[in-house]
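Peer 1: There's a structure below that I have some questions on.
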Amino acid sequence: MGSRAVDPQSIRNVTIVGEPAETTRVVRRLLRHHAQAPAATVVHRMPGRGEHTIRVAELSSHAPIAELERSVRVADGAVVVLNAAAASASRLETILRVADDHQVARLCLVTGLDHPAADFDRCLRAVADTRGARPLPLHLPLGAGPEFDGVIDLVPMWAHEPMAAEFYGSRWQVAEHWYRDLVAAVTEQDGEDPDAGLGPRKIPPERLHDRIRSATRIGEVVPVLCDAARHGADIAAVADAIVRYLPSPMLVCQPEHAFDC
């Protein structure tokens, strides 16, 4: 059987790192529906963007510091799994700093939001305390602990108005505020006013995706997603974010990175 040519720009080599049980759970969910693909490989299809190959490496935050540093340093991109209920995440904060030191693009997935001790703001502060990193929430968690009731996906949120605005009530007003902060974070370097022109609800989602990708690749921001698996959300949002915001091997410049196709 002949091999199929793969566009290098459609490849994402990612290292998923966090507490062992949670990291394994995320990786298994990513791989679950791709039994026909090689081990630790996800073939992900996105409307309008074609087919992408995501190669997944799993890394425990309990590994020795030297191993963590080396694994993150040679990664094309990293997904850091943060537990909203954990009292401390010093190892994961170290990983974020190592990624920043070596210009490795990263995004965060926050889990455990339905735990009674969940604190989403603490996760954002942990990212913000990392040198050179600015957390960029792409999801608004609806409540926390026993009141956690899913998320609002901020980038495409205007496509669901006005029905969603009526359904979510005051939460929609909070989402609008977070959306404006998101737009400001990825346009301020250009001196653009997020309220200028057509207004935020007229900004095409693809334009925001492009700006988030550019800011993520140069380490200006760290996109933050929320895991809402128990509220009907699947893992597609994580795969979409990997494809949209993390670089292909062709865009990774560190000498440690070798392209392997």
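How things are named: the first chain in the structure tokens is A, the next is B, and so on; residues count from 1 in each chain; ligands count from 1 in the order shown.
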Per residue of range 3-121 of chain A within 12 Å of range 242-254 of chain A, record the nearest atom pair and its distance in Å to one decimal, counting only C-alpha atoms, with rows in chain order and ascending residue number, as CSV.
Peer 2:
```
residue,atom,partner,partner_atom,distance
A:Asp7,CA,A:Ser248,CA,10.0
A:Pro8,CA,A:Met250,CA,6.8
A:Gln9,CA,A:Ser248,CA,5.4
A:Ser10,CA,A:Ser248,CA,6.7
A:Ile11,CA,A:Ser248,CA,5.4
A:Arg12,CA,A:Ser248,CA,5.1
A:Asn13,CA,A:Pro249,CA,7.2
A:Val14,CA,A:Ile242,CA,8.0
A:Thr15,CA,A:Ile242,CA,10.7
A:Ile16,CA,A:Ile242,CA,10.7
A:Leu30,CA,A:Ile242,CA,11.2
A:Val42,CA,A:Val243,CA,11.1
A:Val43,CA,A:Val243,CA,10.8
A:His44,CA,A:Val243,CA,8.5
A:Arg45,CA,A:Val243,CA,9.6
A:Met46,CA,A:Val243,CA,8.7
A:Pro47,CA,A:Val243,CA,11.9
A:Gly48,CA,A:Arg244,CA,11.7
A:Arg49,CA,A:Val243,CA,9.2
A:Gly50,CA,A:Val243,CA,10.6
A:Glu51,CA,A:Val243,CA,9.8
A:His52,CA,A:Val243,CA,7.2
A:Thr53,CA,A:Val243,CA,8.8
A:Ile54,CA,A:Val243,CA,7.9
A:Arg55,CA,A:Ile242,CA,10.6
A:Val56,CA,A:Ile242,CA,10.6
A:Arg73,CA,A:Gln254,CA,8.9
A:Val74,CA,A:Gln254,CA,8.2
A:Ala75,CA,A:Val252,CA,9.2
A:Asp76,CA,A:Pro249,CA,6.3
A:Gly77,CA,A:Leu246,CA,5.8
A:Ala78,CA,A:Leu246,CA,8.1
A:Val79,CA,A:Ile242,CA,8.2
A:Val80,CA,A:Ile242,CA,11.7
A:Ala99,CA,A:Gln254,CA,11.8
A:Asp101,CA,A:Gln254,CA,11.3
A:His102,CA,A:Gln254,CA,7.7
A:Gln103,CA,A:Gln254,CA,8.0
A:Val104,CA,A:Val252,CA,8.3
A:Ala105,CA,A:Leu246,CA,6.2
A:Arg106,CA,A:Leu246,CA,7.0
A:Leu107,CA,A:Leu246,CA,8.0
A:Cys108,CA,A:Ile242,CA,10.4
A:Leu109,CA,A:Ile242,CA,11.0
```
Peer 1: Pick out the residues sitting within 8 Å of Asn83 in chain A, and hand them over as a ChimeraX atom specification; count only C-alpha atoms, and ignore anything fewer than 3 positions along from it in its own chain.
Peer 2: /A:86,110-113,118,123
Peer 1: Keeping N, CA and C atoms for every residue in the selection just given, could you write it to a file as a compact mmCIF listing (two decimals), in the first residue's frame?
Peer 2:
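The file below, result23.txt, is the result:
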```
# COMPACT_ATOMS: atom_id res chain seq x y z
N ALA A 86 -6.87 22.35 42.08
CA ALA A 86 -5.58 22.09 42.73
C ALA A 86 -5.14 23.30 43.53
N VAL A 110 -8.10 24.01 31.16
CA VAL A 110 -8.46 23.98 32.57
C VAL A 110 -9.52 22.91 32.80
N THR A 111 -9.20 21.96 33.68
CA THR A 111 -10.12 20.88 34.01
C THR A 111 -10.62 21.06 35.45
N GLY A 112 -11.51 20.18 35.88
CA GLY A 112 -11.96 20.17 37.27
C GLY A 112 -12.81 21.34 37.67
N LEU A 113 -13.47 22.00 36.71
CA LEU A 113 -14.26 23.18 37.05
C LEU A 113 -15.54 22.83 37.82
N ALA A 118 -13.02 24.42 42.86
CA ALA A 118 -12.55 24.99 41.59
C ALA A 118 -12.42 26.51 41.66
N CYS A 123 -6.21 29.84 38.10
CA CYS A 123 -5.49 29.31 36.94
C CYS A 123 -5.00 30.46 36.05
```
Peer 1: Name all residues at most 12 Å from Trp172 in chain A (count only C-alpha atoms; drop same-chain ones fewer than 2 positions away) and give them as a list in words.
Peer 2: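 The contact residues come out as Leu140, Pro141, Leu142, Val151, Ile152, Asp153, Leu154, Met157, Trp158, His160, Glu161, Pro162, Met163, Ala164, Ala165, Glu166, Phe167, Tyr168, Gly169, Ser170, Val174, Ala175, Glu176, His177, Trp178 and Tyr179 of chain A.
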Peer 1: Could you write out the selected residues, including C-alpha atoms, as a short mmCIF file (atom, residue, chain, number, x, y, z; two decimals), in the first residue's frame?
Peer 2:
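Final file, again-v3.cif:
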```cif
data_model
loop_
_atom_site.label_atom_id
_atom_site.label_comp_id
_atom_site.auth_asym_id
_atom_site.auth_seq_id
_atom_site.Cartn_x
_atom_site.Cartn_y
_atom_site.Cartn_z
CA LEU A 140 -16.20 31.84 29.69
CA PRO A 141 -16.94 29.19 32.35
CA LEU A 142 -20.56 29.34 33.46
CA VAL A 151 -18.94 27.35 28.79
CA ILE A 152 -19.54 30.10 26.27
CA ASP A 153 -17.09 29.93 23.36
CA LEU A 154 -16.11 33.59 23.04
CA MET A 157 -20.29 33.96 20.25
CA TRP A 158 -22.03 36.60 18.11
CA HIS A 160 -25.60 32.74 18.43
CA GLU A 161 -27.14 36.10 19.21
CA PRO A 162 -29.91 37.14 19.93
CA MET A 163 -31.26 33.78 21.07
CA ALA A 164 -28.18 33.06 23.20
CA ALA A 165 -28.28 36.53 24.77
CA GLU A 166 -31.83 35.88 25.89
CA PHE A 167 -31.00 32.39 27.13
CA TYR A 168 -27.88 33.35 29.12
CA GLY A 169 -29.22 36.64 30.49
CA SER A 170 -26.65 38.48 32.64
CA VAL A 174 -20.20 39.10 31.16
CA ALA A 175 -19.29 37.18 27.99
CA GLU A 176 -19.44 40.41 25.99
CA HIS A 177 -17.02 42.04 28.44
CA TRP A 178 -14.60 39.10 28.18
CA TYR A 179 -14.89 39.16 24.41
#
```
Peer 1: Give me, as a short mmCIF file (atom, residue, chain, number, x, y, z; two decimals) with N, CA and C atoms, in the first residue's frame, the residues of range 34-210 of chain A that a backbone DSSP run labels helix (DSSP H, G or I).
Peer 2:
```cif
data_model
loop_
_atom_site.label_atom_id
_atom_site.label_comp_id
_atom_site.auth_asym_id
_atom_site.auth_seq_id
_atom_site.Cartn_x
_atom_site.Cartn_y
_atom_site.Cartn_z
N ILE A 65 12.71 17.27 36.89
CA ILE A 65 12.76 18.61 36.29
C ILE A 65 13.59 18.61 35.00
N ALA A 66 14.72 17.91 35.01
CA ALA A 66 15.58 17.90 33.81
C ALA A 66 14.84 17.30 32.62
N GLU A 67 14.08 16.24 32.87
CA GLU A 67 13.31 15.61 31.79
C GLU A 67 12.19 16.52 31.31
N LEU A 68 11.53 17.17 32.25
CA LEU A 68 10.49 18.11 31.88
C LEU A 68 11.04 19.23 31.00
N GLU A 69 12.16 19.78 31.42
CA GLU A 69 12.75 20.88 30.66
C GLU A 69 13.14 20.45 29.26
N ARG A 70 13.77 19.27 29.15
CA ARG A 70 14.18 18.81 27.83
C ARG A 70 12.97 18.54 26.94
N SER A 71 11.95 17.88 27.48
CA SER A 71 10.78 17.52 26.69
C SER A 71 10.03 18.76 26.20
N VAL A 72 9.92 19.76 27.06
CA VAL A 72 9.23 20.98 26.66
C VAL A 72 10.09 21.77 25.67
N ARG A 73 11.39 21.79 25.90
CA ARG A 73 12.30 22.56 25.04
C ARG A 73 12.25 22.10 23.60
N SER A 90 2.83 24.39 41.08
CA SER A 90 4.16 24.95 40.89
C SER A 90 4.92 24.28 39.74
N ARG A 91 4.77 22.94 39.61
CA ARG A 91 5.45 22.25 38.51
C ARG A 91 4.96 22.74 37.15
N LEU A 92 3.64 22.91 37.04
CA LEU A 92 3.09 23.36 35.78
C LEU A 92 3.48 24.81 35.49
N GLU A 93 3.59 25.61 36.52
CA GLU A 93 4.06 26.98 36.33
C GLU A 93 5.51 26.97 35.85
N THR A 94 6.32 26.03 36.37
CA THR A 94 7.70 25.89 35.90
C THR A 94 7.72 25.52 34.42
N ILE A 95 6.83 24.62 34.02
CA ILE A 95 6.76 24.20 32.63
C ILE A 95 6.42 25.39 31.73
N LEU A 96 5.48 26.22 32.17
CA LEU A 96 5.13 27.40 31.39
C LEU A 96 6.33 28.33 31.24
N ARG A 97 7.12 28.45 32.30
CA ARG A 97 8.31 29.32 32.22
C ARG A 97 9.35 28.74 31.27
N VAL A 98 9.54 27.41 31.33
CA VAL A 98 10.49 26.77 30.42
C VAL A 98 10.05 26.97 28.98
N ALA A 99 8.75 26.81 28.72
CA ALA A 99 8.23 27.01 27.37
C ALA A 99 8.46 28.45 26.92
N ASP A 100 8.28 29.39 27.83
CA ASP A 100 8.52 30.79 27.49
C ASP A 100 10.00 31.03 27.21
N ASP A 101 10.88 30.45 28.02
CA ASP A 101 12.32 30.62 27.82
C ASP A 101 12.76 30.15 26.44
N PHE A 120 -11.23 29.18 38.73
CA PHE A 120 -10.72 29.48 37.39
C PHE A 120 -9.78 30.68 37.41
N ASP A 121 -10.10 31.68 38.23
CA ASP A 121 -9.25 32.87 38.29
C ASP A 121 -7.84 32.52 38.78
N ARG A 122 -7.74 31.54 39.68
CA ARG A 122 -6.42 31.14 40.15
C ARG A 122 -5.57 30.59 38.99
N CYS A 123 -6.21 29.84 38.10
CA CYS A 123 -5.49 29.31 36.94
C CYS A 123 -5.00 30.46 36.05
N LEU A 124 -5.84 31.47 35.85
CA LEU A 124 -5.43 32.61 35.05
C LEU A 124 -4.27 33.35 35.70
N ARG A 125 -4.32 33.46 37.03
CA ARG A 125 -3.21 34.13 37.73
C ARG A 125 -1.92 33.34 37.60
N ALA A 126 -2.02 32.01 37.64
CA ALA A 126 -0.82 31.18 37.50
C ALA A 126 -0.16 31.41 36.16
N VAL A 127 -0.96 31.56 35.10
CA VAL A 127 -0.40 31.84 33.78
C VAL A 127 0.16 33.26 33.74
N ALA A 128 -0.58 34.20 34.31
CA ALA A 128 -0.14 35.60 34.28
C ALA A 128 1.17 35.80 35.05
N GLY A 145 -17.62 24.81 40.47
CA GLY A 145 -18.05 23.86 41.49
C GLY A 145 -19.38 23.23 41.10
N PRO A 146 -20.26 22.99 42.06
CA PRO A 146 -21.57 22.36 41.75
C PRO A 146 -22.41 23.19 40.79
N GLU A 147 -22.12 24.50 40.68
CA GLU A 147 -22.88 25.38 39.79
C GLU A 147 -22.30 25.45 38.38
N MET A 157 -19.08 33.82 19.45
CA MET A 157 -20.29 33.96 20.25
C MET A 157 -21.39 34.77 19.54
N TRP A 158 -21.01 35.74 18.71
CA TRP A 158 -22.03 36.60 18.11
C TRP A 158 -22.90 35.86 17.10
N ALA A 159 -22.41 34.70 16.62
CA ALA A 159 -23.22 33.92 15.68
C ALA A 159 -24.47 33.36 16.35
N HIS A 160 -24.48 33.33 17.69
CA HIS A 160 -25.60 32.74 18.43
C HIS A 160 -26.55 33.78 18.99
N MET A 163 -30.65 34.84 20.27
CA MET A 163 -31.26 33.78 21.07
C MET A 163 -30.41 33.46 22.30
N ALA A 164 -29.07 33.38 22.09
CA ALA A 164 -28.18 33.06 23.20
C ALA A 164 -28.19 34.16 24.25
N ALA A 165 -28.25 35.42 23.82
CA ALA A 165 -28.28 36.53 24.77
C ALA A 165 -29.50 36.43 25.67
N GLU A 166 -30.62 36.04 25.09
CA GLU A 166 -31.83 35.88 25.89
C GLU A 166 -31.72 34.68 26.83
N PHE A 167 -31.12 33.61 26.33
CA PHE A 167 -31.00 32.39 27.13
C PHE A 167 -30.06 32.58 28.32
N TYR A 168 -28.89 33.22 28.07
CA TYR A 168 -27.88 33.35 29.12
C TYR A 168 -28.11 34.55 30.04
N SER A 170 -27.78 37.66 32.17
CA SER A 170 -26.65 38.48 32.64
C SER A 170 -25.32 37.84 32.30
N ARG A 171 -25.29 36.52 32.14
CA ARG A 171 -24.03 35.86 31.77
C ARG A 171 -23.56 36.31 30.39
N TRP A 172 -24.51 36.62 29.52
CA TRP A 172 -24.14 37.08 28.19
C TRP A 172 -23.44 38.44 28.26
N GLN A 173 -23.86 39.28 29.18
CA GLN A 173 -23.21 40.58 29.36
C GLN A 173 -21.77 40.39 29.83
N VAL A 174 -21.56 39.41 30.72
CA VAL A 174 -20.20 39.10 31.16
C VAL A 174 -19.37 38.58 29.98
N ALA A 175 -19.98 37.72 29.17
CA ALA A 175 -19.29 37.18 27.99
C ALA A 175 -18.89 38.30 27.04
N GLU A 176 -19.76 39.28 26.87
CA GLU A 176 -19.44 40.41 25.99
C GLU A 176 -18.23 41.18 26.52
N HIS A 177 -18.18 41.36 27.83
CA HIS A 177 -17.02 42.04 28.44
C HIS A 177 -15.74 41.25 28.21
N TRP A 178 -15.79 39.94 28.41
CA TRP A 178 -14.60 39.10 28.18
C TRP A 178 -14.20 39.12 26.71
N TYR A 179 -15.19 39.13 25.84
CA TYR A 179 -14.89 39.16 24.41
C TYR A 179 -14.15 40.45 24.05
N ARG A 180 -14.60 41.57 24.58
CA ARG A 180 -13.93 42.84 24.29
C ARG A 180 -12.49 42.82 24.82
N ASP A 181 -12.27 42.21 25.98
CA ASP A 181 -10.91 42.09 26.51
C ASP A 181 -10.05 41.23 25.59
N LEU A 182 -10.65 40.14 25.06
CA LEU A 182 -9.93 39.27 24.14
C LEU A 182 -9.51 40.04 22.89
N VAL A 183 -10.45 40.77 22.31
CA VAL A 183 -10.15 41.55 21.10
C VAL A 183 -9.06 42.57 21.38
N ALA A 184 -9.16 43.26 22.52
CA ALA A 184 -8.15 44.27 22.86
C ALA A 184 -6.78 43.64 23.00
N ALA A 185 -6.71 42.44 23.59
CA ALA A 185 -5.42 41.79 23.84
C ALA A 185 -4.70 41.45 22.54
N VAL A 186 -5.44 41.11 21.49
CA VAL A 186 -4.79 40.68 20.25
C VAL A 186 -4.75 41.76 19.18
N THR A 187 -5.26 42.96 19.50
CA THR A 187 -5.18 44.06 18.54
C THR A 187 -4.40 45.25 19.06
N GLU A 188 -4.11 45.28 20.36
CA GLU A 188 -3.50 46.49 20.93
C GLU A 188 -2.13 46.77 20.37
N GLN A 189 -1.39 45.72 19.93
CA GLN A 189 -0.06 45.97 19.40
C GLN A 189 -0.13 46.72 18.06
N ASP A 190 -1.31 46.70 17.42
CA ASP A 190 -1.48 47.43 16.17
C ASP A 190 -2.10 48.79 16.39
N PRO A 200 -17.44 45.10 17.73
CA PRO A 200 -16.95 43.75 18.00
C PRO A 200 -17.79 42.64 17.41
N ARG A 201 -19.10 42.81 17.36
CA ARG A 201 -19.93 41.72 16.87
C ARG A 201 -19.82 41.52 15.37
N LYS A 202 -19.14 42.45 14.67
CA LYS A 202 -18.96 42.32 13.22
C LYS A 202 -17.56 41.85 12.85
N PRO A 205 -14.79 35.87 12.86
CA PRO A 205 -14.04 34.96 13.74
C PRO A 205 -12.68 34.57 13.16
N GLU A 206 -12.59 34.39 11.84
CA GLU A 206 -11.31 33.98 11.25
C GLU A 206 -10.24 35.04 11.46
N ARG A 207 -10.65 36.31 11.48
CA ARG A 207 -9.68 37.37 11.74
C ARG A 207 -9.12 37.24 13.16
N LEU A 208 -10.01 36.95 14.10
CA LEU A 208 -9.55 36.76 15.48
C LEU A 208 -8.67 35.52 15.60
N HIS A 209 -9.05 34.42 14.94
CA HIS A 209 -8.22 33.22 14.97
C HIS A 209 -6.80 33.54 14.49
N ASP A 210 -6.70 34.31 13.41
CA ASP A 210 -5.38 34.64 12.85
C ASP A 210 -4.55 35.45 13.85
#
```
Peer 1: When you draw a straight line from CA of Leu59 in chain A to CA of Asp129 in chain A, how long is it in Å?
Peer 2: 22.3 Å
Peer 1: Based on DSSP run over this structure's backbone, return all residues of range 33-229 of chain A in strand (DSSP E), as a ChimeraX atom specification.
Peer 2: /A:41-46,50-60,77-83,105-111,135-137,139-141,151-153,222-226
Peer 1: State, in Å with one decimal place, the distance from CA of Leu82 in chain A to CA of Val17 in chain A.
Peer 2: 9.1 Å
